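Next up, entry.txt (compact mmCIF, C-alpha atoms and all ligand atoms):
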```txt
# COMPACT_ATOMS: atom_id res chain seq x y z
CA MET S 286 -23.94 -288.35 36.78
CA ASN S 287 -24.39 -284.85 35.39
CA LYS S 288 -23.19 -284.52 31.83
CA ILE S 289 -21.44 -281.34 30.82
CA THR S 290 -20.58 -279.57 27.56
CA ILE S 291 -16.92 -279.27 26.60
CA ALA S 292 -15.84 -276.65 24.06
CA ILE S 293 -12.33 -276.82 22.61
CA ASP S 294 -11.29 -273.90 20.40
CA GLY S 295 -8.01 -272.78 18.96
CA TYR S 296 -5.81 -272.34 15.92
CA SER S 297 -5.72 -274.80 13.01
CA SER S 298 -3.57 -277.93 13.31
CA CYS S 299 -2.81 -277.50 16.99
CA GLY S 300 -4.06 -280.93 17.98
CA LYS S 301 -7.53 -279.89 19.14
CA SER S 302 -9.20 -282.79 17.37
CA THR S 303 -6.80 -285.36 18.81
CA MET S 304 -7.33 -284.19 22.36
CA ALA S 305 -11.07 -283.73 21.95
CA LYS S 306 -11.48 -287.18 20.35
CA ASP S 307 -9.39 -288.91 23.02
CA LEU S 308 -11.27 -287.26 25.86
CA ALA S 309 -14.69 -288.08 24.37
CA LYS S 310 -13.68 -291.73 23.98
CA GLU S 311 -12.34 -291.90 27.54
CA ILE S 312 -15.41 -290.39 29.19
CA GLY S 313 -18.05 -291.81 26.81
CA TYR S 314 -19.13 -288.46 25.33
CA ILE S 315 -20.12 -287.66 21.73
CA TYR S 316 -17.30 -286.02 19.77
CA ILE S 317 -17.97 -283.51 16.99
CA ASP S 318 -15.27 -281.98 14.81
CA SER S 319 -16.98 -278.76 13.68
CA GLY S 320 -14.10 -277.98 11.29
CA ALA S 321 -14.99 -281.16 9.40
CA MET S 322 -18.43 -279.64 8.77
CA TYR S 323 -16.93 -276.49 7.20
CA ARG S 324 -14.62 -278.77 5.21
CA CYS S 325 -17.63 -280.75 3.91
CA VAL S 326 -19.31 -277.59 2.64
CA THR S 327 -16.01 -276.68 0.95
CA LEU S 328 -15.67 -280.10 -0.70
CA PHE S 329 -19.25 -279.82 -1.92
CA ALA S 330 -18.54 -276.31 -3.30
CA LEU S 331 -15.42 -277.55 -5.12
CA LYS S 332 -17.29 -280.50 -6.62
CA ASN S 333 -20.17 -278.33 -7.77
CA ASN S 334 -18.08 -275.58 -9.39
CA ILE S 335 -19.13 -272.99 -6.84
CA PHE S 336 -15.61 -271.54 -6.83
CA LYS S 337 -14.85 -269.28 -9.80
CA GLY S 338 -11.10 -268.90 -9.33
CA ASN S 339 -10.87 -267.49 -5.84
CA GLU S 340 -14.40 -266.10 -5.92
CA ILE S 341 -17.36 -267.97 -4.44
CA ASP S 342 -20.74 -268.00 -6.14
CA SER S 343 -22.44 -267.53 -2.79
CA GLU S 344 -25.96 -267.22 -4.19
CA ARG S 345 -25.66 -270.68 -5.77
CA LEU S 346 -24.19 -272.12 -2.60
CA LYS S 347 -27.04 -270.60 -0.58
CA GLY S 348 -29.56 -272.23 -2.92
CA LEU S 349 -27.84 -275.61 -2.58
CA LEU S 350 -27.24 -275.51 1.18
CA ASP S 351 -30.23 -277.76 1.93
CA SER S 352 -28.77 -280.47 -0.28
CA ILE S 353 -25.59 -280.70 1.84
CA LYS S 354 -26.15 -283.39 4.47
CA ILE S 355 -23.33 -283.86 6.95
CA SER S 356 -23.21 -286.79 9.35
CA PHE S 357 -20.71 -288.75 11.41
CA ILE S 358 -20.41 -292.53 11.73
CA LEU S 359 -18.14 -294.55 14.00
CA ASP S 360 -15.47 -296.66 12.28
CA GLU S 361 -15.98 -300.11 13.80
CA GLN S 362 -12.29 -300.99 13.60
CA SER S 363 -10.56 -297.84 14.80
CA LYS S 364 -13.54 -296.63 16.88
CA LYS S 365 -12.89 -293.21 15.37
CA PRO S 366 -15.60 -291.00 13.88
CA LEU S 367 -15.74 -290.70 10.11
CA THR S 368 -17.25 -287.66 8.42
CA CYS S 369 -19.88 -288.28 5.73
CA LEU S 370 -21.13 -285.91 3.06
CA ASN S 371 -24.49 -286.96 1.64
CA GLY S 372 -23.98 -290.47 2.98
CA VAL S 373 -20.46 -290.97 1.57
CA VAL S 374 -17.38 -291.15 3.82
CA VAL S 375 -15.15 -288.18 2.93
CA GLU S 376 -12.78 -288.27 5.91
CA ASP S 377 -9.58 -288.21 3.78
CA LYS S 378 -10.93 -285.98 1.00
CA ILE S 379 -11.84 -283.17 3.39
CA ARG S 380 -8.24 -283.16 4.75
CA SER S 381 -6.64 -282.66 1.29
CA MET S 382 -4.60 -279.51 0.56
CA GLU S 383 -7.22 -278.47 -1.99
CA VAL S 384 -9.96 -278.37 0.65
CA SER S 385 -7.60 -276.85 3.26
CA SER S 386 -6.75 -273.97 0.97
CA HIS S 387 -10.39 -273.20 0.12
CA VAL S 388 -12.09 -273.69 3.48
CA SER S 389 -11.40 -270.33 5.17
CA PRO S 390 -13.43 -268.20 2.71
CA ILE S 391 -16.31 -270.68 3.01
CA ALA S 392 -16.13 -270.35 6.80
CA THR S 393 -16.49 -266.55 6.51
CA LEU S 394 -19.96 -266.83 4.90
CA ALA S 395 -22.61 -265.82 7.43
CA PHE S 396 -25.34 -268.08 5.97
CA VAL S 397 -23.03 -271.12 6.10
CA ARG S 398 -22.06 -270.39 9.73
CA GLU S 399 -25.68 -269.81 10.73
CA GLU S 400 -26.74 -273.20 9.38
CA LEU S 401 -23.78 -275.15 10.77
CA VAL S 402 -24.07 -273.49 14.20
CA ARG S 403 -27.75 -274.45 14.24
CA GLN S 404 -26.87 -278.09 13.50
CA GLN S 405 -24.06 -278.07 16.10
CA GLN S 406 -26.35 -276.68 18.82
CA GLN S 407 -28.88 -279.37 17.96
CA MET S 408 -26.21 -282.08 18.35
CA GLY S 409 -25.27 -280.73 21.78
CA LYS S 410 -28.69 -280.14 23.26
CA GLU S 411 -28.48 -283.19 25.55
CA LYS S 412 -24.94 -282.22 26.72
CA GLY S 413 -22.38 -285.05 27.08
CA ILE S 414 -20.53 -283.65 24.07
CA VAL S 415 -16.99 -282.57 23.24
CA MET S 416 -16.89 -280.24 20.26
CA ASP S 417 -13.82 -278.59 18.77
CA GLY S 418 -13.58 -275.61 16.44
CA ARG S 419 -13.08 -271.85 16.43
CA ASP S 420 -16.30 -270.46 17.88
CA ILE S 421 -17.54 -273.27 20.10
CA GLY S 422 -16.97 -271.55 23.45
CA THR S 423 -17.95 -268.11 22.13
CA VAL S 424 -20.93 -268.74 19.81
CA VAL S 425 -22.06 -272.38 19.63
CA PHE S 426 -22.01 -273.21 23.37
CA PRO S 427 -21.39 -269.96 25.26
CA ASP S 428 -22.65 -271.69 28.42
CA ALA S 429 -20.30 -274.70 28.14
CA GLU S 430 -19.09 -275.75 31.58
CA LEU S 431 -15.53 -276.42 30.33
CA LYS S 432 -13.87 -274.26 27.68
CA ILE S 433 -10.32 -274.78 26.46
CA PHE S 434 -8.40 -272.53 24.06
CA VAL S 435 -5.50 -274.40 22.42
CA THR S 436 -2.50 -272.81 20.79
CA ALA S 437 0.97 -273.80 19.45
CA SER S 438 3.56 -272.09 17.22
CA PRO S 439 2.79 -272.00 13.45
CA GLU S 440 5.95 -274.03 12.63
CA ILE S 441 5.01 -276.81 15.02
CA ARG S 442 1.47 -276.89 13.67
CA ALA S 443 2.70 -277.02 10.05
CA GLN S 444 5.02 -279.91 10.93
CA ARG S 445 2.14 -281.83 12.52
CA ARG S 446 -0.06 -281.39 9.45
CA TYR S 447 2.86 -282.33 7.15
CA ASP S 448 3.46 -285.55 9.14
CA GLU S 449 -0.26 -286.36 9.06
CA LEU S 450 -0.46 -286.00 5.25
CA LYS S 451 2.77 -287.98 4.72
CA GLU S 452 1.42 -290.78 6.87
CA LYS S 453 -1.59 -290.98 4.55
CA ASN S 454 0.70 -290.87 1.49
CA GLN S 455 -0.81 -287.55 0.40
CA GLU S 456 1.15 -284.85 -1.45
CA ALA S 457 2.68 -282.32 0.94
CA SER S 458 5.20 -279.48 0.98
CA PHE S 459 6.19 -278.11 4.40
CA ASP S 460 6.57 -274.51 3.11
CA GLU S 461 3.18 -274.59 1.43
CA ILE S 462 1.56 -275.96 4.58
CA LEU S 463 3.23 -273.32 6.79
CA LYS S 464 2.00 -270.58 4.43
CA ASN S 465 -1.50 -272.08 4.57
CA VAL S 466 -1.43 -272.27 8.41
CA ILE S 467 -0.39 -268.58 8.68
CA GLU S 468 -2.97 -267.46 6.12
CA ARG S 469 -5.75 -269.38 7.81
CA ASP S 470 -4.84 -267.96 11.24
CA TYR S 471 -5.14 -264.48 9.74
CA ILE S 472 -8.51 -265.15 8.08
CA ASP S 473 -9.88 -266.99 11.15
CA GLU S 474 -8.91 -264.11 13.47
CA HIS S 475 -10.00 -261.25 11.20
CA ARG S 476 -13.26 -262.43 9.67
CA GLU S 477 -16.34 -260.38 10.47
CA VAL S 478 -18.57 -263.25 11.55
CA SER S 479 -17.48 -265.18 14.66
CA PRO S 480 -13.74 -264.48 14.46
CA LEU S 481 -11.47 -266.86 16.34
CA ARG S 482 -10.99 -265.51 19.84
CA LYS S 483 -10.59 -266.93 23.29
CA ALA S 484 -13.80 -266.88 25.34
CA ASP S 485 -13.24 -264.86 28.53
CA ASP S 486 -13.80 -267.95 30.65
CA ALA S 487 -11.66 -270.35 28.56
CA ILE S 488 -8.49 -271.96 29.90
CA VAL S 489 -5.46 -271.53 27.60
CA LEU S 490 -3.31 -274.53 26.70
CA ASP S 491 -0.10 -273.94 24.69
CA ASN S 492 0.85 -277.45 23.61
CA SER S 493 3.99 -276.54 21.57
CA ASN S 494 6.23 -278.45 23.95
CA ILE S 495 4.11 -281.12 25.54
CA THR S 496 3.40 -284.64 24.37
CA ILE S 497 0.00 -285.94 23.30
CA GLU S 498 -0.03 -288.11 26.44
CA GLN S 499 0.66 -285.13 28.75
CA GLN S 500 -2.02 -283.11 27.00
CA LYS S 501 -4.49 -285.97 27.34
CA GLU S 502 -3.89 -286.24 31.06
CA TRP S 503 -4.11 -282.47 31.53
CA LEU S 504 -7.49 -282.36 29.79
CA LEU S 505 -8.87 -285.36 31.67
CA ASN S 506 -7.93 -283.68 34.96
CA LYS S 507 -9.67 -280.46 33.93
CA TYR S 508 -12.79 -282.46 33.06
CA LYS S 509 -12.73 -284.24 36.43
CA GLU S 510 -12.36 -280.93 38.29
CA VAL S 511 -15.28 -279.32 36.46
CA ALA S 512 -17.62 -282.32 36.25
CA LYS S 513 -16.76 -283.25 39.85
CA VAL S 514 -16.25 -286.93 39.04
O1 LIG F 601 -10.08 -277.17 12.39
P1 LIG F 601 -9.99 -277.26 10.88
O2 LIG F 601 -8.64 -276.86 10.34
O3 LIG F 601 -10.42 -278.57 10.34
O4 LIG F 601 -11.04 -276.17 10.35
C1 LIG F 601 -11.23 -275.95 9.00
C2 LIG F 601 -11.63 -274.49 8.75
O5 LIG F 601 -12.95 -274.26 9.22
C3 LIG F 601 -10.73 -273.44 9.37
O6 LIG F 601 -10.21 -272.57 8.39
C4 LIG F 601 -11.60 -272.65 10.28
C5 LIG F 601 -13.00 -273.09 9.99
N1 LIG F 601 -13.76 -273.35 11.21
C6 LIG F 601 -14.56 -272.35 11.69
O7 LIG F 601 -14.56 -271.25 11.13
N2 LIG F 601 -15.34 -272.57 12.77
C7 LIG F 601 -15.32 -273.74 13.40
N3 LIG F 601 -16.11 -273.93 14.46
C8 LIG F 601 -14.48 -274.78 12.94
C9 LIG F 601 -13.69 -274.55 11.84
```

Can the structure in the file be given as structure tokens, please?
Amino acid sequence: MNKITIAIDGYSSCGKSTMAKDLAKEIGYIYIDSGAMYRCVTLFALKNNIFKGNEIDSERLKGLLDSIKISFILDEQSKKPLTCLNGVVVEDKIRSMEVSSHVSPIATLAFVREELVRQQQQMGKEKGIVMDGRDIGTVVFPDAELKIFVTASPEIRAQRRYDELKEKNQEASFDEILKNVIERDYIDEHREVSPLRKADDAIVLDNSNITIEQQKEWLLNKYKEVAKV
């Protein structure tokens, strides 16, 4: 059976990862959360005092980039992928508010994007991959056979992230999260390097008012149509 490449882009907290992860599991493809990679670089920068207030010491980060090793392992129990930074599982740490509020400026750095895009393309060279992010259908895999662009209202996205943090017993304020979602949308859409935009050949999915189950079925059907299975 011919394997294809599936690119899922869209705004933050709109359920891209959930749908991408579910589809990959269902069809036996590799799943890569590219946002987790930008979050790892951010966590590393925070730990290594690369942020000076809101400023980034980009020269230092550039010099240290080779010492940031990002990998994914499968959690045996949940069968879900866990993100590792230099061999340590950081799945929860990279989802904290501190990382969320520092990640956008890191994702605007051209040298960071260049390196992560290179690693992402390497991961997808055999196809059979579902990757989600902001520039997957436009920059990382412009030739992907199936491209989806996901969107939902900022309020709904903030509520989803709030519920997710509460479930993990992490500190959360709805207003702060909503502000963060709106700010990140702005930065993601207006940055110079690889701004968030829908690829011309991507299919739009607004999931504000559909359930996770409906979304899952919709995506599986799209995959079957394109992969002809
Ligand atoms: O999807 P997420 O919220 O985990 O992404 C974290 C940040 O990384 C977000 O601000 C946008 C950025 N990002 C990016 O610029 N390009 C990607 N391919 C994935 C994420």

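For S:Asn492, the residues within 8 Å (counting all atoms listed in the file, excluding itself and residues fewer than 4 positions away along the chain) are Cys299, Val435, Thr436, Ala437, Thr496 and Gln500 of chain S.
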
Next on the checklist: Please identify all protein, DNA and RNA residues within 9 Å of ligand LIG 601 (chain F), counting only C-alpha atoms and all ligand atoms, and report them as a PyMOL selection string.
Outcome noted: chain S and resi 294-299+301-302+318-324+379-380+384-393+398+401-402+416-421+424-425+466+469-470+472-473+478-481

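The shortest atom-to-atom distance to S:Thr290, with all atoms listed in the file taken into account, belongs to S:Lys432 out of S:Lys347, S:Lys432, S:Lys332, S:Lys354.
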
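Here atom CA of S:Ile335 and atom CA of S:Val373 stand 19.9 Å from one another.
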
Checklist entry - Near stretch 359-369 of chain S, counting all atoms listed in the file, which residues have an atom at most 8 Å away, once you skip same-chain residues fewer than 6 positions from it, shown as an MDAnalysis selection string? => result chainID S and resid 306 316 321 375:376

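Taking atom CA of S:Asn339 and atom CA of S:Glu477 as endpoints, the distance between them is 18.6 Å.
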
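If you look at atom CA of S:Gln499 and atom CA of S:Ile312, they are 16.9 Å away from each other.
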
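Counting all atoms listed in the file, the residue from S:Leu504, S:Ala395, S:Ala292, S:Ile353 that sits nearest to S:Lys412 is S:Ala292.
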
Next on the checklist: I'd like the neighbourhood of S:Gln444 as a PyMOL selection string, where a residue qualifies if any of its atoms comes within 10 Å (using all atoms listed in the file), though same-chain residues fewer than 5 positions away should be ignored.
Outcome noted: chain S and resi 298+439+449-450+458-460+462-463

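Of the residues under consideration (S:Ala305, S:Leu505, S:Ile291, S:Val326), S:Val326 shows the shortest atom-to-atom contact distance to S:Lys378 when counting all atoms listed in the file.
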
Next on the checklist: My list of candidates is S:Ile497, S:Val374, S:Ala443, S:Ile488. Which is closest to S:Phe357 when distances are computed with all atoms listed in the file?
Outcome noted: S:Val374
